[in-house]
file structure_38.pdb (PDB, C-alpha atoms)
ATOM      1  CA  MET A  59       0.000   0.000   0.000
ATOM      2  CA  SER A  60       1.403   3.404  -0.981
ATOM      3  CA  ASP A  61       1.567   6.487   1.218
ATOM      4  CA  SER A  62      -1.099   8.043  -0.991
ATOM      5  CA  GLU A  63      -3.499   5.307   0.170
ATOM      6  CA  THR A  64      -2.671   5.660   3.876
ATOM      7  CA  HIS A  65      -2.599   9.455   3.547
ATOM      8  CA  GLU A  66       0.573   9.584   5.652
ATOM      9  CA  PRO A  67       3.337  12.022   4.621
ATOM     10  CA  TYR A  68       6.707  10.580   3.749
ATOM     11  CA  ASP A  69       9.606  10.365   6.170
ATOM     12  CA  LEU A  70      11.852  13.057   4.728
ATOM     13  CA  THR A  71      14.259  13.405   7.630
ATOM     14  CA  TYR A  72      17.949  13.481   6.793
ATOM     15  CA  ARG A  73      20.526  11.243   8.433
ATOM     16  CA  GLU A  74      22.709  13.692  10.295
ATOM     17  CA  ASP A  75      25.576  11.213  10.742
ATOM     18  CA  THR A  76      26.044  10.723   6.980
ATOM     19  CA  PRO A  77      29.209  12.435   5.667
ATOM     20  CA  ARG A  78      28.931  14.480   2.478
ATOM     21  CA  ILE A  79      30.823  13.352  -0.619
ATOM     22  CA  SER A  80      33.022  15.766  -2.582
ATOM     23  CA  THR A  81      32.634  15.363  -6.339
ATOM     24  CA  ARG A  82      33.791  18.606  -7.954
ATOM     25  CA  GLU A  83      35.355  21.759  -6.574
ATOM     26  CA  GLY A  84      32.867  23.322  -4.191
ATOM     27  CA  VAL A  85      30.379  20.439  -4.527
ATOM     28  CA  GLU A  86      29.500  18.149  -1.645
ATOM     29  CA  LEU A  87      26.583  15.750  -2.032
ATOM     30  CA  TYR A  88      24.295  14.260   0.585
ATOM     31  CA  TYR A  89      23.770  10.558  -0.054
ATOM     32  CA  GLU A  90      22.227   7.435   1.475
ATOM     33  CA  SER A  91      23.330   3.847   0.898
ATOM     34  CA  SER A  92      21.320   0.832   2.049
ATOM     35  CA  GLY A  93      21.746  -2.902   1.570
ATOM     36  CA  GLU A  94      24.442  -4.943  -0.119
ATOM     37  CA  GLY A  95      24.924  -6.474  -3.537
ATOM     38  CA  LEU A  96      24.716  -5.094  -7.039
ATOM     39  CA  ALA A  97      24.503  -1.304  -6.950
ATOM     40  CA  VAL A  98      21.315   0.500  -7.959
ATOM     41  CA  THR A  99      21.698   4.290  -8.026
ATOM     42  CA  LEU A 100      18.619   6.522  -7.947
ATOM     43  CA  LEU A 101      18.493   9.796  -9.858
ATOM     44  CA  ASN A 102      16.102  12.487  -8.613
ATOM     45  CA  ASN A 103      13.951  14.646 -10.761
ATOM     46  CA  PHE A 104      13.840  18.193  -9.417
ATOM     47  CA  PHE A 105      10.775  17.660  -7.226
ATOM     48  CA  ILE A 106      12.030  14.914  -4.927
ATOM     49  CA  THR A 107      14.928  14.443  -2.513
ATOM     50  CA  SER A 108      16.981  11.454  -1.446
ATOM     51  CA  PRO A 109      14.882  10.440   1.615
ATOM     52  CA  PHE A 110      11.759  10.256  -0.566
ATOM     53  CA  TRP A 111      13.099   7.060  -2.177
ATOM     54  CA  ARG A 112      13.109   5.058   1.072
ATOM     55  CA  ALA A 113       9.422   4.193   0.832
ATOM     56  CA  HIS A 114       9.892   2.876  -2.707
ATOM     57  CA  THR A 115      13.070   0.818  -2.328
ATOM     58  CA  GLN A 116      12.677  -1.099   0.938
ATOM     59  CA  GLU A 117      12.363  -4.482  -0.750
ATOM     60  CA  LEU A 118      15.027  -3.696  -3.326
ATOM     61  CA  ALA A 119      17.529  -2.891  -0.570
ATOM     62  CA  LYS A 120      17.148  -6.404   0.847
ATOM     63  CA  SER A 121      19.090  -7.841  -2.103
ATOM     64  CA  HIS A 122      20.858  -4.838  -3.675
ATOM     65  CA  ARG A 123      22.941  -1.874  -2.655
ATOM     66  CA  VAL A 124      20.583   1.066  -3.120
ATOM     67  CA  VAL A 125      22.193   4.505  -3.372
ATOM     68  CA  SER A 126      20.293   7.783  -3.440
ATOM     69  CA  TYR A 127      21.615  11.330  -3.289
ATOM     70  CA  ASP A 128      20.597  14.968  -3.552
ATOM     71  CA  MET A 129      21.742  16.751  -6.665
ATOM     72  CA  ALA A 130      23.986  19.789  -6.247
ATOM     73  CA  ASN A 131      21.899  22.885  -5.476
ATOM     74  CA  HIS A 132      19.041  20.749  -4.172
ATOM     75  CA  GLY A 133      18.017  19.116  -0.918
ATOM     76  CA  ALA A 134      20.849  18.757   1.585
ATOM     77  CA  SER A 135      23.675  18.976  -0.943
ATOM     78  CA  ALA A 136      25.945  21.967  -1.576
ATOM     79  CA  ARG A 137      24.494  25.288  -2.693
ATOM     80  CA  LEU A 138      26.207  26.900  -5.674
ATOM     81  CA  ASP A 139      26.026  30.329  -7.266
ATOM     82  CA  ARG A 140      24.321  28.848 -10.316
ATOM     83  CA  GLU A 141      22.505  25.684 -11.305
ATOM     84  CA  PRO A 142      24.909  23.037 -12.637
ATOM     85  CA  THR A 143      24.634  22.015 -16.269
ATOM     86  CA  TRP A 144      23.520  18.535 -17.251
ATOM     87  CA  GLU A 145      27.175  17.716 -17.901
ATOM     88  CA  GLU A 146      28.118  18.817 -14.389
ATOM     89  CA  HIS A 147      25.284  16.814 -12.855
ATOM     90  CA  ALA A 148      26.554  13.799 -14.815
ATOM     91  CA  ALA A 149      30.077  14.397 -13.504
ATOM     92  CA  ASP A 150      28.643  14.395  -9.972
ATOM     93  CA  VAL A 151      27.120  10.958 -10.553
ATOM     94  CA  ILE A 152      30.537   9.596 -11.528
ATOM     95  CA  GLY A 153      32.191  11.366  -8.587
ATOM     96  CA  LEU A 154      29.650   9.776  -6.253
ATOM     97  CA  LEU A 155      30.314   6.297  -7.674
ATOM     98  CA  ASP A 156      34.067   6.826  -7.360
ATOM     99  CA  ALA A 157      33.801   7.896  -3.727
ATOM    100  CA  LEU A 158      31.632   4.879  -2.884
ATOM    101  CA  ASP A 159      33.961   2.449  -4.737
ATOM    102  CA  ILE A 160      31.209   1.460  -7.171
ATOM    103  CA  ASP A 161      32.763   0.386 -10.469
ATOM    104  CA  ALA A 162      29.451   0.105 -12.302
ATOM    105  CA  THR A 163      25.804   0.577 -11.353
ATOM    106  CA  TYR A 164      22.250   0.310 -12.560
ATOM    107  CA  LEU A 165      20.687   3.773 -12.835
ATOM    108  CA  VAL A 166      17.031   4.326 -11.958
ATOM    109  CA  ALA A 167      15.643   7.637 -13.184
ATOM    110  CA  THR A 168      12.244   9.289 -13.145
ATOM    111  CA  SER A 169      10.745  11.892 -15.484
ATOM    112  CA  SER A 170      13.314  14.635 -16.195
ATOM    113  CA  SER A 171      16.173  12.676 -14.634
ATOM    114  CA  SER A 172      15.831  10.161 -17.474
ATOM    115  CA  GLN A 173      17.809  12.721 -19.489
ATOM    116  CA  LEU A 174      20.562  12.649 -16.858
ATOM    117  CA  ALA A 175      20.625   8.836 -16.940
ATOM    118  CA  ARG A 176      20.933   8.910 -20.728
ATOM    119  CA  ASP A 177      23.793  11.407 -20.577
ATOM    120  CA  VAL A 178      25.711   9.396 -17.972
ATOM    121  CA  ALA A 179      25.256   6.210 -20.009
ATOM    122  CA  LEU A 180      26.528   7.934 -23.157
ATOM    123  CA  ALA A 181      29.525   9.611 -21.537
ATOM    124  CA  HIS A 182      30.496   6.724 -19.257
ATOM    125  CA  PRO A 183      29.236   3.453 -20.764
ATOM    126  CA  ASP A 184      31.651   1.397 -18.661
ATOM    127  CA  ARG A 185      30.057   2.699 -15.439
ATOM    128  CA  VAL A 186      26.430   1.928 -16.329
ATOM    129  CA  LYS A 187      25.233  -1.691 -16.300
ATOM    130  CA  GLY A 188      21.661  -0.836 -17.167
ATOM    131  CA  LEU A 189      18.989   1.881 -17.124
ATOM    132  CA  VAL A 190      15.512   1.830 -15.608
ATOM    133  CA  LEU A 191      13.584   4.879 -16.782
ATOM    134  CA  ALA A 192      10.281   5.515 -14.980
ATOM    135  CA  GLY A 193       7.987   7.900 -16.823
ATOM    136  CA  PRO A 194      10.749   8.957 -19.241
ATOM    137  CA  VAL A 195      10.474  12.124 -21.308
ATOM    138  CA  PHE A 196      12.157  10.857 -24.455
ATOM    139  CA  GLY A 197      11.106  11.033 -28.041
ATOM    140  CA  THR A 198      11.005  14.437 -29.699
ATOM    141  CA  LYS A 199       7.241  14.785 -29.155
ATOM    142  CA  GLY A 200       7.363  13.570 -25.553
ATOM    143  CA  MET A 201      10.255  15.817 -24.595
ATOM    144  CA  ARG A 202       8.683  18.829 -26.299
ATOM    145  CA  ARG A 203       5.441  18.331 -24.385
ATOM    146  CA  HIS A 204       7.329  17.810 -21.135
ATOM    147  CA  ARG A 205       9.180  21.078 -21.643
ATOM    148  CA  GLN A 206       5.917  22.850 -22.367
ATOM    149  CA  LEU A 207       4.503  21.513 -19.109
ATOM    150  CA  ASN A 208       7.611  22.636 -17.246
ATOM    151  CA  ARG A 209       7.295  26.152 -18.653
ATOM    152  CA  SER A 210       3.680  26.192 -17.505
ATOM    153  CA  TRP A 211       4.706  24.969 -14.048
ATOM    154  CA  LEU A 212       7.372  27.654 -13.860
ATOM    155  CA  LEU A 213       4.833  30.371 -14.667
ATOM    156  CA  THR A 214       2.479  29.034 -11.989
ATOM    157  CA  LEU A 215       5.312  28.938  -9.449
ATOM    158  CA  GLN A 216       6.346  32.515 -10.211
ATOM    159  CA  SER A 217       2.832  33.923 -10.252
ATOM    160  CA  SER A 218       1.049  31.921  -7.557
ATOM    161  CA  GLY A 219       3.567  30.035  -5.438
ATOM    162  CA  MET A 220       4.344  26.494  -4.353
ATOM    163  CA  ALA A 221       0.869  25.384  -3.240
ATOM    164  CA  ALA A 222      -0.674  26.412  -6.559
ATOM    165  CA  LEU A 223       2.123  24.647  -8.436
ATOM    166  CA  TYR A 224       1.435  21.455  -6.502
ATOM    167  CA  GLY A 225      -2.265  21.640  -7.356
ATOM    168  CA  GLN A 226      -1.446  21.890 -11.049
ATOM    169  CA  ILE A 227       1.165  19.129 -11.025
ATOM    170  CA  TYR A 228      -1.033  16.758  -9.022
ATOM    171  CA  ALA A 229      -3.795  16.926 -11.596
ATOM    172  CA  GLU A 230      -1.374  16.384 -14.470
ATOM    173  CA  VAL A 231       0.993  13.655 -13.287
ATOM    174  CA  ILE A 232      -0.884  11.650 -10.635
ATOM    175  CA  SER A 233      -2.946   8.754 -11.983
ATOM    176  CA  GLY A 234      -6.708   8.898 -12.088
ATOM    177  CA  ARG A 235      -6.926   5.873  -9.788
ATOM    178  CA  MET A 236      -4.674   7.433  -7.141
ATOM    179  CA  ASN A 237      -6.627  10.663  -7.412
ATOM    180  CA  GLU A 238      -9.936   8.873  -6.865
ATOM    181  CA  GLU A 239      -8.775   6.493  -4.135
ATOM    182  CA  GLY A 240      -6.731   9.062  -2.240
ATOM    183  CA  GLY A 241      -9.327  11.803  -2.348
ATOM    184  CA  THR A 242      -8.695  14.949  -0.337
ATOM    185  CA  PRO A 243      -6.615  13.220   2.376
ATOM    186  CA  GLY A 244      -4.283  11.753  -0.276
ATOM    187  CA  PHE A 245      -3.953  15.107  -2.000
ATOM    188  CA  LEU A 246      -3.128  16.899   1.255
ATOM    189  CA  GLY A 247      -0.747  14.214   2.513
ATOM    190  CA  LEU A 248       1.367  14.286  -0.631
ATOM    191  CA  ARG A 249       1.236  18.095  -0.685
ATOM    192  CA  GLU A 250       2.848  18.202   2.753
ATOM    193  CA  SER A 251       5.751  16.164   1.425
ATOM    194  CA  PHE A 252       5.973  18.154  -1.797
ATOM    195  CA  LEU A 253       6.228  21.460   0.039
ATOM    196  CA  ALA A 254       8.849  20.060   2.421
ATOM    197  CA  MET A 255      11.194  18.768  -0.278
ATOM    198  CA  SER A 256      11.962  21.899  -2.280
ATOM    199  CA  THR A 257      12.197  25.659  -2.132
ATOM    200  CA  PRO A 258      10.888  27.963  -4.864
ATOM    201  CA  ASP A 259      14.464  28.761  -5.911
ATOM    202  CA  GLU A 260      15.380  25.081  -6.214
ATOM    203  CA  LEU A 261      12.366  24.356  -8.376
ATOM    204  CA  THR A 262      12.966  27.450 -10.493
ATOM    205  CA  ASN A 263      16.534  26.308 -11.151
ATOM    206  CA  GLY A 264      15.436  22.789 -11.990
ATOM    207  CA  LEU A 265      12.551  23.806 -14.236
ATOM    208  CA  ASN A 266      14.845  26.126 -16.165
ATOM    209  CA  LEU A 267      17.456  23.397 -16.609
ATOM    210  CA  VAL A 268      14.829  21.022 -17.967
ATOM    211  CA  GLN A 269      14.409  23.388 -20.922
ATOM    212  CA  THR A 270      17.987  22.651 -21.980
ATOM    213  CA  GLY A 271      19.818  19.610 -23.279
ATOM    214  CA  ASP A 272      19.662  17.728 -26.548
ATOM    215  CA  PRO A 273      16.144  16.360 -27.202
ATOM    216  CA  SER A 274      17.204  14.299 -30.226
ATOM    217  CA  SER A 275      15.794  10.786 -30.344
ATOM    218  CA  ALA A 276      18.885   9.770 -32.294
ATOM    219  CA  LEU A 277      20.930   9.888 -29.081
ATOM    220  CA  LEU A 278      19.018   6.901 -27.748
ATOM    221  CA  SER A 279      20.430   4.683 -30.489
ATOM    222  CA  ARG A 280      23.898   5.255 -29.021
ATOM    223  CA  VAL A 281      23.036   4.014 -25.524
ATOM    224  CA  SER A 282      24.727   0.635 -25.208
ATOM    225  CA  ALA A 283      23.371  -0.225 -21.747
ATOM    226  CA  PRO A 284      20.304  -2.476 -21.517
ATOM    227  CA  THR A 285      17.327  -0.211 -20.896
ATOM    228  CA  LEU A 286      13.930  -0.770 -19.313
ATOM    229  CA  LEU A 287      11.201   1.838 -19.653
ATOM    230  CA  VAL A 288       8.573   1.593 -16.893
ATOM    231  CA  LEU A 289       5.502   3.465 -18.009
ATOM    232  CA  GLY A 290       2.128   4.029 -16.410
ATOM    233  CA  ASP A 291      -0.772   3.489 -18.766
ATOM    234  CA  ASP A 292      -2.258   6.729 -17.392
ATOM    235  CA  ASP A 293       0.855   8.817 -18.106
ATOM    236  CA  ILE A 294      -0.319  11.913 -19.978
ATOM    237  CA  LEU A 295       3.145  12.470 -21.484
ATOM    238  CA  LEU A 296       3.698   9.092 -23.096
ATOM    239  CA  SER A 297       1.083   6.563 -24.163
ATOM    240  CA  PRO A 298       1.852   2.823 -23.932
ATOM    241  CA  GLU A 299       2.057   2.607 -27.724
ATOM    242  CA  ARG A 300       4.458   5.517 -27.983
ATOM    243  CA  GLY A 301       6.409   4.217 -24.985
ATOM    244  CA  ARG A 302       7.093   0.983 -26.843
ATOM    245  CA  GLU A 303       8.192   3.022 -29.848
ATOM    246  CA  VAL A 304      10.643   4.956 -27.671
ATOM    247  CA  ALA A 305      11.957   1.728 -26.121
ATOM    248  CA  ALA A 306      12.632   0.411 -29.627
ATOM    249  CA  LEU A 307      14.957   3.375 -30.242
ATOM    250  CA  PHE A 308      17.417   1.909 -27.739
ATOM    251  CA  PRO A 309      19.646  -0.864 -29.116
ATOM    252  CA  ASP A 310      18.691  -3.021 -26.116
ATOM    253  CA  GLY A 311      15.446  -1.539 -24.851
ATOM    254  CA  ARG A 312      12.045  -2.771 -23.802
ATOM    255  CA  CYS A 313       8.972  -1.343 -22.098
ATOM    256  CA  GLU A 314       6.887  -2.506 -19.143
ATOM    257  CA  ILE A 315       3.435  -0.985 -18.654
ATOM    258  CA  MET A 316       2.062  -0.542 -15.132
ATOM    259  CA  GLN A 317      -1.728  -0.562 -15.094
ATOM    260  CA  ASP A 318      -3.581   2.404 -13.577
ATOM    261  CA  ALA A 319      -0.308   4.234 -12.938
ATOM    262  CA  GLY A 320       0.576   7.806 -13.801
ATOM    263  CA  HIS A 321       3.715   9.703 -14.779
ATOM    264  CA  VAL A 322       5.504   8.653 -11.569
ATOM    265  CA  PRO A 323       4.512   4.967 -11.579
ATOM    266  CA  PHE A 324       6.349   3.942  -8.405
ATOM    267  CA  LEU A 325       3.950   6.156  -6.437
ATOM    268  CA  ASP A 326       1.046   3.985  -7.560
ATOM    269  CA  ASP A 327       2.569   0.589  -6.831
ATOM    270  CA  PRO A 328       5.986   0.610  -5.137
ATOM    271  CA  GLU A 329       6.030  -3.168  -4.741
ATOM    272  CA  LEU A 330       5.471  -3.842  -8.435
ATOM    273  CA  PHE A 331       8.001  -1.198  -9.409
ATOM    274  CA  GLU A 332      10.661  -2.733  -7.169
ATOM    275  CA  THR A 333       9.865  -6.160  -8.600
ATOM    276  CA  LEU A 334      10.322  -4.882 -12.139
ATOM    277  CA  VAL A 335      13.673  -3.309 -11.247
ATOM    278  CA  ALA A 336      14.906  -6.459  -9.496
ATOM    279  CA  LYS A 337      13.846  -8.724 -12.374
ATOM    280  CA  PHE A 338      15.525  -6.436 -14.877
ATOM    281  CA  VAL A 339      18.794  -6.507 -12.938
ATOM    282  CA  GLU A 340      18.573 -10.298 -12.659
ATOM    283  CA  GLU A 341      17.919 -10.608 -16.386
ATOM    284  CA  VAL A 342      20.867  -8.408 -17.357
ATOM    285  CA  GLU A 343      23.193 -10.185 -14.935
ATOM    286  CA  SER A 344      22.201 -13.567 -16.358
ATOM    287  CA  ARG A 345      23.689 -12.560 -19.697
ATOM    288  CA  VAL A 346      27.205 -12.297 -18.261
TER
END

call {"tool": "encode", "arguments": {"input": "structure_38.pdb", "output": "structure tokens"}}
result
Amino acid sequence: MSDSETHEPYDLTYREDTPRISTREGVELYYESSGEGLAVTLLNNFFITSPFWRAHTQELAKSHRVVSYDMANHGASARLDREPTWEEHAADVIGLLDALDIDATYLVATSSSSQLARDVALAHPDRVKGLVLAGPVFGTKGMRRHRQLNRSWLLTLQSSGMAALYGQIYAEVISGRMNEEGGTPGFLGLRESFLAMSTPDELTNGLNLVQTGDPSSALLSRVSAPTLLVLGDDDILLSPERGREVAALFPDGRCEIMQDAGHVPFLDDPELFETLVAKFVEEVESRV
């Protein structure tokens, strides 16, 4: 059962005894590492922080090493004078892996961070064993629409504030089933977590960065890592049919559809999402 069904806010407390990791000059990242085994590294979109992942990776951490972190300029990581570029965020991923003695990892990304996962896989193919992309924003049409949504969200944030932004995002990315079953308590419970995870400046920086980067679908054909797209059938950005078309752009890609799930499918069914990730890792490892 997800937190949206129990209406309880997420545990977003930071572990005060966790040392920060230096990746680039002036950059120190907050991170969490749980479990042992093959490494699975989680990449945030700009609306969530590292502690948010705990509720969605408890089972996965029983058989894998699960690593999450806050991106530079977000959460509990270092504050910089400007938002890092995608290339700098990718360099931070590699710096994190180096500091944790992780030679290669599976990357799990969600929404806009699917672009970061792609960039890391292209620049450092030897460090990425596989990609799991939840609610990805790939394909020229999908990425264009995602950027349009982000511009709309940015305007709402600047004109009406964080609570209004949440109301808009909730209606657009949360599945119809979660909306109906959660009702007002579910809406308010998730809003409490949403407002606690980011500041207006952090979201402004992130939403502006999302407008940048290469949207070309041709880049996907150069990703050598096995790739799993996990797509909700109620994702307004990418239909199941188009999701399978995007998966086919990867040399070694496939698509799993989660029923009655939205743009962030692990919110709808964390257990199924973790199962899909674990099975994907097992499948890729069996090829060795």

call {"tool": "closest_atom_pairs", "arguments": {"input": "structure_38.pdb", "of": "region 164-218 of chain A", "to": "region 291-306 of chain A", "cutoff": "12 Å", "atoms": "only C-alpha atoms", "output": "JSON lines"}}
result
{"residue": "A:Ser169", "atom": "CA", "partner": "A:Leu295", "partner_atom": "CA", "distance": 9.7}
{"residue": "A:Ser170", "atom": "CA", "partner": "A:Leu295", "partner_atom": "CA", "distance": 11.7}
{"residue": "A:Leu189", "atom": "CA", "partner": "A:Ala305", "partner_atom": "CA", "distance": 11.4}
{"residue": "A:Val190", "atom": "CA", "partner": "A:Ala305", "partner_atom": "CA", "distance": 11.1}
{"residue": "A:Leu191", "atom": "CA", "partner": "A:Ala305", "partner_atom": "CA", "distance": 10.0}
{"residue": "A:Ala192", "atom": "CA", "partner": "A:Asp293", "partner_atom": "CA", "distance": 10.5}
{"residue": "A:Gly193", "atom": "CA", "partner": "A:Asp293", "partner_atom": "CA", "distance": 7.3}
{"residue": "A:Pro194", "atom": "CA", "partner": "A:Leu296", "partner_atom": "CA", "distance": 8.0}
{"residue": "A:Val195", "atom": "CA", "partner": "A:Leu295", "partner_atom": "CA", "distance": 7.3}
{"residue": "A:Phe196", "atom": "CA", "partner": "A:Val304", "partner_atom": "CA", "distance": 6.9}
{"residue": "A:Gly197", "atom": "CA", "partner": "A:Val304", "partner_atom": "CA", "distance": 6.1}
{"residue": "A:Thr198", "atom": "CA", "partner": "A:Val304", "partner_atom": "CA", "distance": 9.7}
{"residue": "A:Lys199", "atom": "CA", "partner": "A:Leu295", "partner_atom": "CA", "distance": 9.0}
{"residue": "A:Gly200", "atom": "CA", "partner": "A:Leu295", "partner_atom": "CA", "distance": 6.0}
{"residue": "A:Met201", "atom": "CA", "partner": "A:Leu295", "partner_atom": "CA", "distance": 8.5}
{"residue": "A:Arg202", "atom": "CA", "partner": "A:Leu295", "partner_atom": "CA", "distance": 9.7}
{"residue": "A:Arg203", "atom": "CA", "partner": "A:Leu295", "partner_atom": "CA", "distance": 6.9}
{"residue": "A:His204", "atom": "CA", "partner": "A:Leu295", "partner_atom": "CA", "distance": 6.8}
{"residue": "A:Arg205", "atom": "CA", "partner": "A:Leu295", "partner_atom": "CA", "distance": 10.5}
{"residue": "A:Gln206", "atom": "CA", "partner": "A:Leu295", "partner_atom": "CA", "distance": 10.8}
{"residue": "A:Leu207", "atom": "CA", "partner": "A:Leu295", "partner_atom": "CA", "distance": 9.4}
{"residue": "A:Asn208", "atom": "CA", "partner": "A:Leu295", "partner_atom": "CA", "distance": 11.9}

call {"tool": "residues_around", "arguments": {"input": "structure_38.pdb", "residues": "Asp161 (chain A)", "least_positions_apart": "3", "cutoff": "9 Å", "atoms": "only C-alpha atoms", "output": "VMD selection string"}}
result
chain A and resid 155 to 156 158 184 to 186

call {"tool": "residues_around", "arguments": {"input": "structure_38.pdb", "residues": "Ala283 (chain A)", "least_positions_apart": "5", "cutoff": "12 Å", "atoms": "only C-alpha atoms", "output": "PyMOL selection string"}}
result
chain A and resi 162-165+175-190+278+308-312+339+342

call {"tool": "resolve_selection", "arguments": {"input": "structure_38.pdb", "expression": "the PyMOL selection byres ((chain A and resi 87) around 10)", "output": "ChimeraX atom specification"}}
result
/A:77-82,85-86,88-89,127-137,150-151,153-154

call {"tool": "resolve_selection", "arguments": {"input": "structure_38.pdb", "expression": "the PyMOL selection byres ((chain A and resi 124) around 9)", "output": "PyMOL selection string"}}
result
chain A and resi 90-100+115+118-119+122-123+125-126

call {"tool": "atom_distance", "arguments": {"input": "structure_38.pdb", "atom1": "CA of Tyr228 (chain A)", "atom2": "CA of His321 (chain A)"}}
result
10.3 Å

call {"tool": "atom_distance", "arguments": {"input": "structure_38.pdb", "atom1": "CA of Val288 (chain A)", "atom2": "CA of Cys313 (chain A)"}}
result
6.0 Å

call {"tool": "atom_distance", "arguments": {"input": "structure_38.pdb", "atom1": "CA of Gly264 (chain A)", "atom2": "CA of Phe104 (chain A)"}}
result
5.5 Å

call {"tool": "residues_near_point", "arguments": {"input": "structure_38.pdb", "point": "(6.4, 29.9, -13.8)", "cutoff": "12 Å", "atoms": "only C-alpha atoms", "output": "mmCIF file with C-alpha atoms, keeping the file's coordinate frame"}}
result
data_model
loop_
_atom_site.group_PDB
_atom_site.id
_atom_site.type_symbol
_atom_site.label_atom_id
_atom_site.label_comp_id
_atom_site.auth_asym_id
_atom_site.auth_seq_id
_atom_site.Cartn_x
_atom_site.Cartn_y
_atom_site.Cartn_z
ATOM 1 C CA GLN A 206 5.917 22.850 -22.367
ATOM 2 C CA LEU A 207 4.503 21.513 -19.109
ATOM 3 C CA ASN A 208 7.611 22.636 -17.246
ATOM 4 C CA ARG A 209 7.295 26.152 -18.653
ATOM 5 C CA SER A 210 3.680 26.192 -17.505
ATOM 6 C CA TRP A 211 4.706 24.969 -14.048
ATOM 7 C CA LEU A 212 7.372 27.654 -13.860
ATOM 8 C CA LEU A 213 4.833 30.371 -14.667
ATOM 9 C CA THR A 214 2.479 29.034 -11.989
ATOM 10 C CA LEU A 215 5.312 28.938 -9.449
ATOM 11 C CA GLN A 216 6.346 32.515 -10.211
ATOM 12 C CA SER A 217 2.832 33.923 -10.252
ATOM 13 C CA SER A 218 1.049 31.921 -7.557
ATOM 14 C CA GLY A 219 3.567 30.035 -5.438
ATOM 15 C CA MET A 220 4.344 26.494 -4.353
ATOM 16 C CA ALA A 222 -0.674 26.412 -6.559
ATOM 17 C CA LEU A 223 2.123 24.647 -8.436
ATOM 18 C CA GLN A 226 -1.446 21.890 -11.049
ATOM 19 C CA PRO A 258 10.888 27.963 -4.864
ATOM 20 C CA ASP A 259 14.464 28.761 -5.911
ATOM 21 C CA LEU A 261 12.366 24.356 -8.376
ATOM 22 C CA THR A 262 12.966 27.450 -10.493
ATOM 23 C CA ASN A 263 16.534 26.308 -11.151
ATOM 24 C CA GLY A 264 15.436 22.789 -11.990
ATOM 25 C CA LEU A 265 12.551 23.806 -14.236
ATOM 26 C CA ASN A 266 14.845 26.126 -16.165
#

call {"tool": "axis_aligned_box", "arguments": {"input": "structure_38.pdb", "around": "region 221-226 of chain A", "padding_each_side": "3 Å", "output": "JSON"}}
result
{"center_x": -0.1, "center_y": 23.9, "center_z": -7.1, "size_x": 10.4, "size_y": 11.0, "size_z": 13.8}

call {"tool": "resolve_selection", "arguments": {"input": "structure_38.pdb", "expression": "the PyMOL selection byres ((chain A and resi 233-241) around 8)", "output": "NGL selection string"}}
result
:A and (62-63 or 65 or 231-232 or 242-245 or 292-293 or 318-321 or 326)
